[in-house]
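Asker: Pasting a structure below so you can have a look.
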Amino acid sequence: MYNRASAIFKVSMQKYQPQDIEQKWYQIWEDRGYFAPSGKGTPYSIAIPPPNVTGTLHMGHAFQHSLVDSLIRFQRMKGKDTLWQMGTDHAGISTQIIVTEQLEREQIKASDIGREKFVERAWHWKEESGGTISRQLRRLGASLHWETERFTMDEGMSNAVLEVFTRLYDEGLIYRGKRLVNWDPVLKTSISDLEVESIDEDGNLWHIRYPLADESDQSIVVATTRPETMLGDSAVAVHPDDERYKHLIGQSIRLPLTDRLIPIIADHYVDKEFGSGCVKITPAHDFNDYEVGNRHDLPLINIFTEEAIINENAPSAYQGMDRFEARKQVLADLEQAGLLVETEPHKMAVPRGEKSGVVVEPYLSDQWFVKIDSLARPAIKAVEDGDIEFIPRNYENNYFVWMRNIQDWCISRQQWWGHQIPAWYDDDGNVYVAKDEAEARTKYSLSDAVKLQRDEDVLDTWFSSALWTFATLGWPDQTHALKTYHPTDVMVTGHDIITFWVSRMIMMTLKFTDELPFKKVYVTGLVTDAEGQKMSKSKGNGLDPLDIIDGISADDLVEKRTNHLLQPRMAERIAKATRKEFPEGIAAHGTDALRFTFYAIATRSRTIRFDMNRVEGYSHFCNKLWNAANFVFMNTKDFDSTGEMEYSVIDRWITSELQTSIKAVALAMDTYRFDLAAKEIYEIVRDEFCDWYLELCKPLISTEGASKTQRRGTQHTLLKTLETLLRLAHPFLPFMTEEIWQQIPESIRRGGDTIMLRPYPEFDEDLVDASASDDLAWLKEIVNGSRNIRGEMDISSSREIPILFYNGSARDQARLTQYEQLLRTLIRAESLTWLDTDAEVPLAATHLVGDMQVLVPMSGLIDKDAEIARLDKEIDRKTKERSRTENKINNPNFIEKAPQEVVQKERNKLTELTSTLTKLEAQKERVASL
RNA sequence: GGGUGUUUAGCUCAGUUGGGAGAGCGACGGCCUUACAAGCCGUAGGUCGCAGGUUCGACCCCUGCAACACCCACCA
């Protein structure tokens with residue numbers, strides 16, 4: 001086809017191929033040390049939310065880090081001493097799970113190789129896979145300071161953890177105790193409340209008859225969703241005011257299936273209205289019952305092993321059974337004994353471990369806790385006082401609700417991978433806390449004869465993360481970095497970890513540094529798929545950011561999504577859905593396009609649907625900017641920077657427009673409105689620079705049309721505007737802006753080896769040119785009007801048309817003369833003719849610019865009915881607008897109460913509309929009378 | 001049960017002190033015009049969830065309702 005043929009003639013111009021430039025530039029930037037803090041200027045720092053060291057980059061990460069990188073690049077260009085601190089997290093439980101699975105594939109049980117070997121394996125795995133996340137961050141263009149990269153289990157962090165733990169312990173803010181905690185019977189560790197997900201599931205409410213012990217044949221009925229726990233019942237509770245049971249309080253129950261006698265007690269916890277009004281109390285296996293048990297001094301009967309298998313405290317018939325097996329057996333036995341009164345279907349929230357997915361148990365065990373109240377108070381105050389600000393503000397509510405009801409933090413985990421708790425026990429069970437065993441002996445004056453055994457548990461991963469902002473900078477040493485870059489400026493994170501992490505950082509940082517960890521918390525929305533579903537591996541709807549950058553075939557994508565599925569039966573559905581959504585796979589869009597998409601969709605919304613069409617659109621935008629640059633370079637090859645220059649109105653106009661955009665982008669960045677920043681850049685580049693300026697400047701740079709000085713002025717403006725746009729866009733489109741910028745002549749660039757370190761554009765009032773803007777508005781109006789006629793009348797854009805101007809002012813006439821050449825080019829006009837007031841006006845399609853009529857003669861070009869229809873449409877629009885305006889003006893209250901300028905504006909509008917309508921009506925009649 | 005948020009064009013979403021409803025994508029029509037067909041030009045399409053209220057004037061402020069989403073706490 002012609003298109004392909006013509007493409008061959010254009011081979012001299014390089015196409016936009018992101019893969020050719022992106023990795024190259026990252027390498028250069030990193031090698032030259034551009035990511036390091038400059039050591040000059042006001043410090044600006046952000047600590048990366050440490051990704052799991054063995055993890056991979058998902059869309060949420062890519063989104064967050066893209067936002068941060070734009071902030072960092074923006075501030076760096078503004079001359080700040082910028083540090084984006086890199087680091088990774090050891091991700092205790094997740095990593096332990098992965099390593100355990102790896103061992104299982106080798107038919108090795110973790111318990112067989114022991115703690116030391118296991119931890120060795122984990123370190124090995126960390127070394128092996130830790131590079132993945134770094135590579136991915138580099139592909140994203142993240143300008144992280146790699147040289148000081150940290151890891152939550154490196155020596156310095158570990159030392160900080162020990163320091164914090166021992167100090168909190170010595171102050172009495174860490175204690176150890178036997179408590180009921182959430183227990184994961186598969187991982188065999190405690191987990192925090194936050195790591196438990198309650199999901200509604202179908203279950204049953206079983207009503208069980210409990211006979212009284214006094215041979216009276218009386219009984220009461222209790223209802224439970226967990227019949228197997230009755231084996232650990234310590235009491236039955238009724239409400240103290242419940243007339244039905246008042247007389248039974250203090251009597252005993254003979255607990256079925258066991259030989260135990262348990263009391264009937266009264267407690268306000270019981271809801272008289274629910275079920276029978278009687279509740280079985282199992283203090284060792286239910287959080288509420290635990291409280292009741294405490295109040296009534298009931299025995300705690302733990303009937304589970306740490307794997308939730310019935311233990312020796314239960315009747316022998318059930319010992320060794322798994323909890324679900326035991327449930328069946330208990331129910332069968334009750335049924336047989338005639339004690340199962342009713343089985344009622346019941347929806348209930350089942351608590352499951354976030355990581356393992358199994359039902360967690362409230363389980364009695366020895367754990368370490370942080371006494372949280374005294375830490376929470378100043379942390380709440382910091383946000384109340386506005387020292388830390390959440391963006392958007394309403395997330396502060398989440399924070400307050402959580403912080404004001406905060407419970408002591410269970411920090412011990414029965415795992416191997418993590419910071420082992422620095423506590424030692426002697427043979428009598430006395431506990432000694434110090435940074436290491438030697439220090440413990442000194443601190444507690446223990447002789448070498450005393451045998452010490454270290455606590456087996458490790459700390460919750462979030463314990464070390466809580467120290468992240470200051471420990472990564474060298475704390476407890478008062479390093480230069482700590483003094484310079486702490487507090488950090490902003491924390492960018494998802495709302496899901498405000499409680500897990502943000503709140504704990506605030507508490508710990510205030511406690512140990514007397515400083516805030518950060519001044520602002522920018523809470524991002526959650527990236528979902530196009531249907532608004534959370535992206536997850538199990539749903540098979542996840543997207544790998546690198547697949548959007550590099551592209552992926554449909555087959556590979558299906559393979560990737562259905563590969564390690566937990567539920568293989570989902571595979572077919574996922575495959576089908578994937579092929580439907582991405583029949584051609586995903587094209588390679590490059591990092592810049594992906595990043596720009598992230599900025600554009602970073603609204604204040606809580607969930608953000610990720611739509612591939614947006615990426616498509618923004619990759620076209622990248623291509624557009626690329627080609628515009630090409631155009632600029634093609635037309636400025638002979639630019640002489642030393643020659644005399646004359647700037648035309650359009651040069652002054654685009655320069656002025658650029659100022660407006662610079663101002664808008666700065667405001668958007670200061671208020672964390674990445675979407676508005678992206679929108680502004682998109683519009684200035686595409687709508688103003690490409691669609692108008694490049695078109696308008698064509699006649700001025702053609703060697704025939706313009707004077708040398710004029711041509712030079714336009715060439716200069718082309719280069720200068722492009723160069724400024726590149727700097728403006730650099731934080732968002734780092735790669736292509738650098739690639740293009742390198743081709744800008746030195747005379748324009750004014751030094752520097754990289755766009756990264758050039759100053760960010762600043763608003764310059766002096767370059768704002770209102771009169772140029774007015775002229776361009778006028779010009780655009782004429783061009784748009786004639787384009788409208790052309791479009792509506794189906795006049796081919798290749799056909800040159802004569803244009804007449806009638807009833808214009810002297811100013812119109814002057815402008816016409818001035819811009820004749822531009823107009824001719826833009827409209828593709830065969831001729832432009834100014835008609836005097838007394839001239840005979842031929843029948844024509846009309847467009848009004850103020851009072852001036854822009855006319856396209858109809859003869860041979862325009863259909864009468866089509867023109868009438870077009871005029872009708874316009875008349876209709878204007879009539880509606882006029883009646884709206886009239887209603888306002890005719891309302892005395894409006895005239896009286898609205899501000900003068902608003903009233904005046906409406907009056908002017910009415911006058912204008914009336915005049916326009918009169919002209920349009922007259923025109924319509926003329927055409928109709930033909 | 002408590003809390004937070006969302007509801008604007010076919011779809012995804014902007015709309016910043018209350019004063020003429022916008023963008024992108026999609027649709028439709030025209031165009032290979034020498035930076036870009038990954039393009040250009042034009043057009044259509046909205047009771048701004050519903051009902052009240054405040055106001056001269058409400059997408060915007062207030063009240064109530066509905067639907068959806070998320071979070072927290074959960075009655076065994």
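As shown in the structure tokens, the chain order sets the letters A, B, ...; within each chain, residues go from 1, and ligands are also counted from 1 in the order they appear.
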Considering only C-alpha atoms (C1' of nucleotides), return as a compact mmCIF listing (two decimals) with N, CA, C and O atoms (P, O5', C5', C4', C3', O3' and C1' of nucleotides), in the first residue's frame whatever protein or nucleic-acid residues lie within 9 Å of C72 of chain B, sequence-local ones (same chain, fewer than 2 positions apart) excluded.

Answerer:
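Saved as result.txt:
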# COMPACT_ATOMS: atom_id res chain seq x y z
N ASN A 398 -9.01 6.23 59.89
CA ASN A 398 -8.58 4.84 60.03
C ASN A 398 -7.52 4.72 61.11
O ASN A 398 -7.56 3.84 61.97
N VAL A 401 -8.90 5.43 64.69
CA VAL A 401 -9.73 4.35 65.21
C VAL A 401 -8.85 3.20 65.68
O VAL A 401 -9.01 2.66 66.77
N TRP A 402 -7.89 2.86 64.86
CA TRP A 402 -6.99 1.77 65.21
C TRP A 402 -6.15 2.12 66.44
O TRP A 402 -6.05 1.34 67.39
P G B 2 -25.31 0.67 63.36
O5' G B 2 -23.76 0.96 63.58
C5' G B 2 -23.29 1.51 64.80
C4' G B 2 -21.80 1.71 64.74
C3' G B 2 -21.29 2.57 63.59
O3' G B 2 -21.42 3.95 63.85
C1' G B 2 -19.99 0.61 63.72
P G B 3 -21.64 4.95 62.61
O5' G B 3 -20.22 4.90 61.89
C5' G B 3 -19.07 5.40 62.56
C4' G B 3 -17.83 5.08 61.77
C3' G B 3 -17.74 5.67 60.37
O3' G B 3 -17.38 7.04 60.40
C1' G B 3 -17.05 3.42 60.30

Asker: Give me the residues within 8 Å of Leu261 of chain A as number ranges by chain, counting only C-alpha atoms (C1' of nucleotides) and dropping any in the same chain fewer than 6 places off.

Answerer: A: 213, 252-255

Asker: Determine, counting only C-alpha atoms (C1' of nucleotides), which protein, DNA and RNA residues have an atom within 7 Å of an atom of segment 65-71 of chain A; residues of the same chain fewer than 4 positions away are not included. Present the result as a CSV table (one decimal) with N, CA, C and O atoms, in the first residue's frame.

Answerer:
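New file selection35.csv:
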chain,number,residue,atom,x,y,z
A,61,HIS,N,3.3,-2.3,43.6
A,61,HIS,CA,4.6,-1.8,43.8
A,61,HIS,C,5.0,-0.8,42.7
A,61,HIS,O,5.5,0.3,42.9
A,75,GLN,N,12.1,16.7,42.8
A,75,GLN,CA,12.8,17.5,43.9
A,75,GLN,C,14.3,17.5,43.6
A,75,GLN,O,15.0,18.5,43.9
A,142,ALA,N,13.4,3.5,38.6
A,142,ALA,CA,13.5,4.1,39.9
A,142,ALA,C,14.8,4.6,40.3
A,142,ALA,O,15.8,3.9,40.3
A,143,SER,N,14.9,5.9,40.6
A,143,SER,CA,16.2,6.5,40.8
A,143,SER,C,16.6,6.4,42.3
A,143,SER,O,16.8,7.3,43.0
A,492,VAL,N,5.0,7.0,51.0
A,492,VAL,CA,4.0,6.7,50.0
A,492,VAL,C,3.7,5.2,50.2
A,492,VAL,O,4.5,4.3,50.0
A,595,ARG,N,4.6,4.1,33.1
A,595,ARG,CA,4.7,5.1,34.2
A,595,ARG,C,3.6,6.2,34.0
A,595,ARG,O,3.0,6.6,34.9
A,599,TYR,N,0.6,7.7,36.6
A,599,TYR,CA,0.4,9.1,37.1
A,599,TYR,C,-1.0,9.5,36.7
A,599,TYR,O,-1.7,10.1,37.5
A,731,PRO,N,10.3,13.9,35.2
A,731,PRO,CA,10.0,13.0,36.3
A,731,PRO,C,9.0,11.9,36.0
A,731,PRO,O,8.9,10.9,36.7
A,732,PHE,N,8.2,12.1,34.9
A,732,PHE,CA,7.2,11.2,34.6
A,732,PHE,C,7.6,10.3,33.4
A,732,PHE,O,7.2,9.1,33.4

Asker: Show me, as JSON lines, the residues of chain A having an atom within 7 Å of chain B, each with the closest atom pair and its distance in Å, using only C-alpha atoms (C1' of nucleotides).

Answerer:
{"residue": "A:Asn3", "atom": "CA", "partner": "B:C32", "partner_atom": "C1'", "distance": 6.5}
{"residue": "A:Ala223", "atom": "CA", "partner": "B:A76", "partner_atom": "C1'", "distance": 6.3}
{"residue": "A:Thr224", "atom": "CA", "partner": "B:A76", "partner_atom": "C1'", "distance": 5.5}
{"residue": "A:Asp271", "atom": "CA", "partner": "B:C75", "partner_atom": "C1'", "distance": 6.9}
{"residue": "A:Phe274", "atom": "CA", "partner": "B:C75", "partner_atom": "C1'", "distance": 6.4}
{"residue": "A:Val279", "atom": "CA", "partner": "B:A76", "partner_atom": "C1'", "distance": 5.7}
{"residue": "A:Asn613", "atom": "CA", "partner": "B:C25", "partner_atom": "C1'", "distance": 6.6}
{"residue": "A:His620", "atom": "CA", "partner": "B:A38", "partner_atom": "C1'", "distance": 5.0}
{"residue": "A:Asn623", "atom": "CA", "partner": "B:A38", "partner_atom": "C1'", "distance": 6.6}
{"residue": "A:Lys624", "atom": "CA", "partner": "B:C36", "partner_atom": "C1'", "distance": 5.9}
{"residue": "A:Asn627", "atom": "CA", "partner": "B:A35", "partner_atom": "C1'", "distance": 4.9}
{"residue": "A:Ala628", "atom": "CA", "partner": "B:A35", "partner_atom": "C1'", "distance": 5.1}
{"residue": "A:Asn630", "atom": "CA", "partner": "B:A35", "partner_atom": "C1'", "distance": 5.9}
{"residue": "A:Phe631", "atom": "CA", "partner": "B:A35", "partner_atom": "C1'", "distance": 4.2}
{"residue": "A:Arg787", "atom": "CA", "partner": "B:C41", "partner_atom": "C1'", "distance": 7.0}
{"residue": "A:Asn788", "atom": "CA", "partner": "B:G42", "partner_atom": "C1'", "distance": 6.1}
{"residue": "A:Gly791", "atom": "CA", "partner": "B:G42", "partner_atom": "C1'", "distance": 4.5}
{"residue": "A:Glu792", "atom": "CA", "partner": "B:G42", "partner_atom": "C1'", "distance": 6.8}
{"residue": "A:Asp794", "atom": "CA", "partner": "B:G30", "partner_atom": "C1'", "distance": 6.3}
{"residue": "A:Ser796", "atom": "CA", "partner": "B:C31", "partner_atom": "C1'", "distance": 6.7}
{"residue": "A:Ser797", "atom": "CA", "partner": "B:C31", "partner_atom": "C1'", "distance": 6.1}
{"residue": "A:Ser798", "atom": "CA", "partner": "B:U33", "partner_atom": "C1'", "distance": 6.4}
{"residue": "A:Asn893", "atom": "CA", "partner": "B:C56", "partner_atom": "C1'", "distance": 4.4}
{"residue": "A:Phe894", "atom": "CA", "partner": "B:C56", "partner_atom": "C1'", "distance": 3.7}
{"residue": "A:Lys897", "atom": "CA", "partner": "B:C56", "partner_atom": "C1'", "distance": 5.7}
{"residue": "A:Ala898", "atom": "CA", "partner": "B:C56", "partner_atom": "C1'", "distance": 6.2}
{"residue": "A:Val902", "atom": "CA", "partner": "B:G19", "partner_atom": "C1'", "distance": 6.7}

Asker: Report as a VMD selection string all protein, DNA and RNA residues lying within 12 Å of Val685 of chain A, evaluated on only C-alpha atoms (C1' of nucleotides), omitting residues in the same chain fewer than 6 positions from it.

Answerer: chain A and resid 621 to 629 654 657 to 658 661 to 662 678 to 679 691 to 694 721 to 726 728 to 729

Asker: Could you write out that same residue set with N, CA, C and O atoms as an mmCIF file, in the first residue's frame?

Answerer:
data_model
loop_
_atom_site.group_PDB
_atom_site.id
_atom_site.type_symbol
_atom_site.label_atom_id
_atom_site.label_comp_id
_atom_site.auth_asym_id
_atom_site.auth_seq_id
_atom_site.Cartn_x
_atom_site.Cartn_y
_atom_site.Cartn_z
ATOM 1 N N PHE A 621 0.877 8.589 23.121
ATOM 2 C CA PHE A 621 1.321 9.921 23.527
ATOM 3 C C PHE A 621 2.847 10.009 23.504
ATOM 4 O O PHE A 621 3.425 10.989 23.019
ATOM 5 N N CYS A 622 3.494 8.968 24.011
ATOM 6 C CA CYS A 622 4.963 8.942 24.000
ATOM 7 C C CYS A 622 5.468 9.027 22.565
ATOM 8 O O CYS A 622 6.410 9.757 22.247
ATOM 9 N N ASN A 623 4.821 8.263 21.727
ATOM 10 C CA ASN A 623 5.189 8.262 20.316
ATOM 11 C C ASN A 623 5.034 9.652 19.703
ATOM 12 O O ASN A 623 5.864 10.104 18.914
ATOM 13 N N LYS A 624 3.980 10.317 20.133
ATOM 14 C CA LYS A 624 3.686 11.665 19.635
ATOM 15 C C LYS A 624 4.811 12.635 20.015
ATOM 16 O O LYS A 624 5.315 13.388 19.177
ATOM 17 N N LEU A 625 5.186 12.569 21.273
ATOM 18 C CA LEU A 625 6.248 13.462 21.741
ATOM 19 C C LEU A 625 7.549 13.160 20.992
ATOM 20 O O LEU A 625 8.292 14.062 20.601
ATOM 21 N N TRP A 626 7.789 11.894 20.805
ATOM 22 C CA TRP A 626 8.977 11.466 20.079
ATOM 23 C C TRP A 626 9.011 12.046 18.672
ATOM 24 O O TRP A 626 10.011 12.598 18.217
ATOM 25 N N ASN A 627 7.890 11.935 18.000
ATOM 26 C CA ASN A 627 7.828 12.423 16.627
ATOM 27 C C ASN A 627 7.875 13.937 16.546
ATOM 28 O O ASN A 627 8.430 14.508 15.603
ATOM 29 N N ALA A 628 7.285 14.568 17.540
ATOM 30 C CA ALA A 628 7.345 16.027 17.581
ATOM 31 C C ALA A 628 8.802 16.467 17.702
ATOM 32 O O ALA A 628 9.239 17.417 17.041
ATOM 33 N N ALA A 629 9.540 15.746 18.523
ATOM 34 C CA ALA A 629 10.958 16.065 18.687
ATOM 35 C C ALA A 629 11.685 15.888 17.358
ATOM 36 O O ALA A 629 12.499 16.717 16.948
ATOM 37 N N ILE A 654 3.286 30.307 22.560
ATOM 38 C CA ILE A 654 3.609 28.978 23.107
ATOM 39 C C ILE A 654 4.490 29.124 24.356
ATOM 40 O O ILE A 654 4.351 28.373 25.313
ATOM 41 N N GLU A 657 2.049 29.914 27.057
ATOM 42 C CA GLU A 657 1.292 28.713 27.410
ATOM 43 C C GLU A 657 2.114 27.798 28.310
ATOM 44 O O GLU A 657 1.625 27.203 29.263
ATOM 45 N N LEU A 658 3.357 27.688 27.950
ATOM 46 C CA LEU A 658 4.264 26.823 28.695
ATOM 47 C C LEU A 658 4.356 27.270 30.154
ATOM 48 O O LEU A 658 4.388 26.455 31.068
ATOM 49 N N SER A 661 1.494 26.006 32.110
ATOM 50 C CA SER A 661 1.620 24.583 32.406
ATOM 51 C C SER A 661 2.644 24.335 33.510
ATOM 52 O O SER A 661 2.441 23.482 34.378
ATOM 53 N N ILE A 662 3.728 25.057 33.467
ATOM 54 C CA ILE A 662 4.768 24.905 34.487
ATOM 55 C C ILE A 662 4.177 25.172 35.868
ATOM 56 O O ILE A 662 4.388 24.430 36.816
ATOM 57 N N ALA A 678 -0.032 14.874 35.225
ATOM 58 C CA ALA A 678 0.031 14.123 33.972
ATOM 59 C C ALA A 678 -0.898 14.750 32.928
ATOM 60 O O ALA A 678 -0.542 14.891 31.761
ATOM 61 N N LYS A 679 -2.068 15.149 33.387
ATOM 62 C CA LYS A 679 -3.037 15.738 32.479
ATOM 63 C C LYS A 679 -2.487 17.027 31.873
ATOM 64 O O LYS A 679 -2.615 17.276 30.675
ATOM 65 N N ASP A 691 -0.507 20.085 18.292
ATOM 66 C CA ASP A 691 -1.639 20.392 17.412
ATOM 67 C C ASP A 691 -1.618 21.821 16.899
ATOM 68 O O ASP A 691 -2.033 22.082 15.774
ATOM 69 N N TRP A 692 -1.157 22.731 17.707
ATOM 70 C CA TRP A 692 -1.189 24.123 17.255
ATOM 71 C C TRP A 692 0.190 24.685 16.920
ATOM 72 O O TRP A 692 0.418 25.135 15.808
ATOM 73 N N TYR A 693 1.075 24.630 17.885
ATOM 74 C CA TYR A 693 2.343 25.325 17.629
ATOM 75 C C TYR A 693 3.098 24.741 16.445
ATOM 76 O O TYR A 693 3.544 25.473 15.558
ATOM 77 N N LEU A 694 3.232 23.443 16.399
ATOM 78 C CA LEU A 694 3.995 22.838 15.303
ATOM 79 C C LEU A 694 3.332 23.108 13.955
ATOM 80 O O LEU A 694 4.007 23.296 12.949
ATOM 81 N N THR A 721 11.321 25.457 23.596
ATOM 82 C CA THR A 721 10.071 24.917 24.132
ATOM 83 C C THR A 721 10.185 23.413 24.326
ATOM 84 O O THR A 721 9.795 22.876 25.362
ATOM 85 N N LEU A 722 10.727 22.751 23.331
ATOM 86 C CA LEU A 722 10.897 21.304 23.449
ATOM 87 C C LEU A 722 11.778 20.973 24.649
ATOM 88 O O LEU A 722 11.453 20.113 25.454
ATOM 89 N N GLU A 723 12.862 21.700 24.763
ATOM 90 C CA GLU A 723 13.796 21.425 25.856
ATOM 91 C C GLU A 723 13.115 21.618 27.206
ATOM 92 O O GLU A 723 13.288 20.828 28.134
ATOM 93 N N THR A 724 12.324 22.665 27.316
ATOM 94 C CA THR A 724 11.620 22.927 28.579
ATOM 95 C C THR A 724 10.572 21.845 28.845
ATOM 96 O O THR A 724 10.431 21.360 29.959
ATOM 97 N N LEU A 725 9.855 21.476 27.794
ATOM 98 C CA LEU A 725 8.855 20.420 27.940
ATOM 99 C C LEU A 725 9.510 19.123 28.408
ATOM 100 O O LEU A 725 8.961 18.401 29.221
ATOM 101 N N LEU A 726 10.677 18.842 27.891
ATOM 102 C CA LEU A 726 11.367 17.607 28.273
ATOM 103 C C LEU A 726 11.704 17.630 29.759
ATOM 104 O O LEU A 726 11.499 16.648 30.469
ATOM 105 N N LEU A 728 10.185 19.419 31.980
ATOM 106 C CA LEU A 728 8.908 19.386 32.695
ATOM 107 C C LEU A 728 8.389 17.947 32.814
ATOM 108 O O LEU A 728 7.831 17.549 33.831
ATOM 109 N N ALA A 729 8.594 17.187 31.758
ATOM 110 C CA ALA A 729 8.040 15.830 31.713
ATOM 111 C C ALA A 729 8.999 14.779 32.270
ATOM 112 O O ALA A 729 8.605 13.644 32.498
#

Asker: Could you pull out the residues in segment 169-234 of chain A that DSSP calls helix (DSSP H, G or I) from the backbone, as a ChimeraX atom specification?

Answerer: /A:169-170,193-195,227-232

Asker: Please, could you write that set of residues out with all heavy atoms as a short mmCIF file (atom, residue, chain, number, x, y, z; two decimals), in the first residue's frame?

Answerer:
data_model
loop_
_atom_site.label_atom_id
_atom_site.label_comp_id
_atom_site.auth_asym_id
_atom_site.auth_seq_id
_atom_site.Cartn_x
_atom_site.Cartn_y
_atom_site.Cartn_z
N TYR A 169 12.56 -3.45 76.84
CA TYR A 169 12.43 -4.44 77.92
C TYR A 169 12.86 -3.82 79.25
O TYR A 169 12.17 -3.94 80.26
CB TYR A 169 13.29 -5.66 77.62
CG TYR A 169 13.19 -6.71 78.70
CD1 TYR A 169 12.11 -7.59 78.74
CD2 TYR A 169 14.17 -6.80 79.70
CE1 TYR A 169 11.99 -8.53 79.76
CE2 TYR A 169 14.06 -7.74 80.71
CZ TYR A 169 12.97 -8.61 80.74
OH TYR A 169 12.86 -9.53 81.74
N ASP A 170 13.99 -3.12 79.19
CA ASP A 170 14.51 -2.53 80.43
C ASP A 170 13.56 -1.48 80.99
O ASP A 170 13.50 -1.24 82.19
CB ASP A 170 15.89 -1.91 80.19
CG ASP A 170 16.95 -2.99 79.93
OD1 ASP A 170 16.68 -4.17 80.27
OD2 ASP A 170 18.01 -2.66 79.35
N ASP A 193 -3.40 -9.98 65.09
CA ASP A 193 -4.80 -9.78 64.69
C ASP A 193 -4.89 -9.32 63.25
O ASP A 193 -5.81 -9.68 62.52
CB ASP A 193 -5.45 -8.70 65.55
CG ASP A 193 -5.45 -9.08 67.02
OD1 ASP A 193 -5.03 -10.21 67.33
OD2 ASP A 193 -5.85 -8.23 67.84
N LEU A 194 -3.90 -8.51 62.87
CA LEU A 194 -3.95 -7.93 61.54
C LEU A 194 -3.71 -8.96 60.44
O LEU A 194 -4.05 -8.74 59.29
CB LEU A 194 -2.91 -6.81 61.42
CG LEU A 194 -3.18 -5.58 62.28
CD1 LEU A 194 -1.97 -4.68 62.28
CD2 LEU A 194 -4.40 -4.84 61.77
N GLU A 195 -3.08 -10.06 60.85
CA GLU A 195 -2.78 -11.08 59.85
C GLU A 195 -3.87 -12.14 59.75
O GLU A 195 -3.71 -13.17 59.12
CB GLU A 195 -1.43 -11.75 60.18
CG GLU A 195 -0.27 -10.82 59.96
CD GLU A 195 0.98 -11.22 60.73
OE1 GLU A 195 0.86 -11.73 61.85
OE2 GLU A 195 2.07 -11.01 60.20
N PRO A 227 -18.53 -27.35 68.12
CA PRO A 227 -18.87 -28.37 69.13
C PRO A 227 -17.65 -29.08 69.72
O PRO A 227 -17.65 -29.44 70.89
CB PRO A 227 -19.76 -29.35 68.37
CG PRO A 227 -19.60 -29.02 66.93
CD PRO A 227 -19.19 -27.61 66.83
N GLU A 228 -16.59 -29.26 68.92
CA GLU A 228 -15.44 -30.01 69.44
C GLU A 228 -14.79 -29.32 70.63
O GLU A 228 -14.16 -29.98 71.46
CB GLU A 228 -14.40 -30.24 68.33
CG GLU A 228 -13.64 -29.01 67.85
CD GLU A 228 -14.41 -28.13 66.87
OE1 GLU A 228 -15.62 -28.36 66.70
OE2 GLU A 228 -13.81 -27.21 66.29
N THR A 229 -14.97 -28.00 70.73
CA THR A 229 -14.31 -27.32 71.85
C THR A 229 -15.02 -27.59 73.18
O THR A 229 -14.50 -27.22 74.22
CB THR A 229 -14.23 -25.79 71.63
OG1 THR A 229 -15.55 -25.26 71.58
CG2 THR A 229 -13.48 -25.45 70.36
N MET A 230 -16.19 -28.21 73.11
CA MET A 230 -16.87 -28.51 74.38
C MET A 230 -16.01 -29.40 75.28
O MET A 230 -16.16 -29.40 76.49
CB MET A 230 -18.23 -29.19 74.13
CG MET A 230 -18.12 -30.61 73.58
SD MET A 230 -19.71 -31.45 73.53
CE MET A 230 -19.96 -31.81 75.26
N LEU A 231 -15.11 -30.10 74.66
CA LEU A 231 -14.23 -30.97 75.44
C LEU A 231 -13.37 -30.14 76.40
O LEU A 231 -12.80 -30.66 77.35
CB LEU A 231 -13.34 -31.80 74.52
CG LEU A 231 -14.11 -32.69 73.52
CD1 LEU A 231 -13.15 -33.35 72.54
CD2 LEU A 231 -14.94 -33.74 74.26
N GLY A 232 -13.28 -28.84 76.10
CA GLY A 232 -12.50 -27.96 76.97
C GLY A 232 -13.37 -26.98 77.73
O GLY A 232 -12.86 -25.99 78.27
#

Asker: Distance atom CA of Gly60 of chain A-atom CA of Gly92 of chain A, one decimal place?

Answerer: 20.6 Å

Asker: Restricting the calculation to only C-alpha atoms: of A:Arg413, A:Lys355, A:Lys576, A:Lys451, which residue gets closest to Asp426 of chain A?

Answerer: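 So, comparing all the options, the nearest one is A:Lys451.
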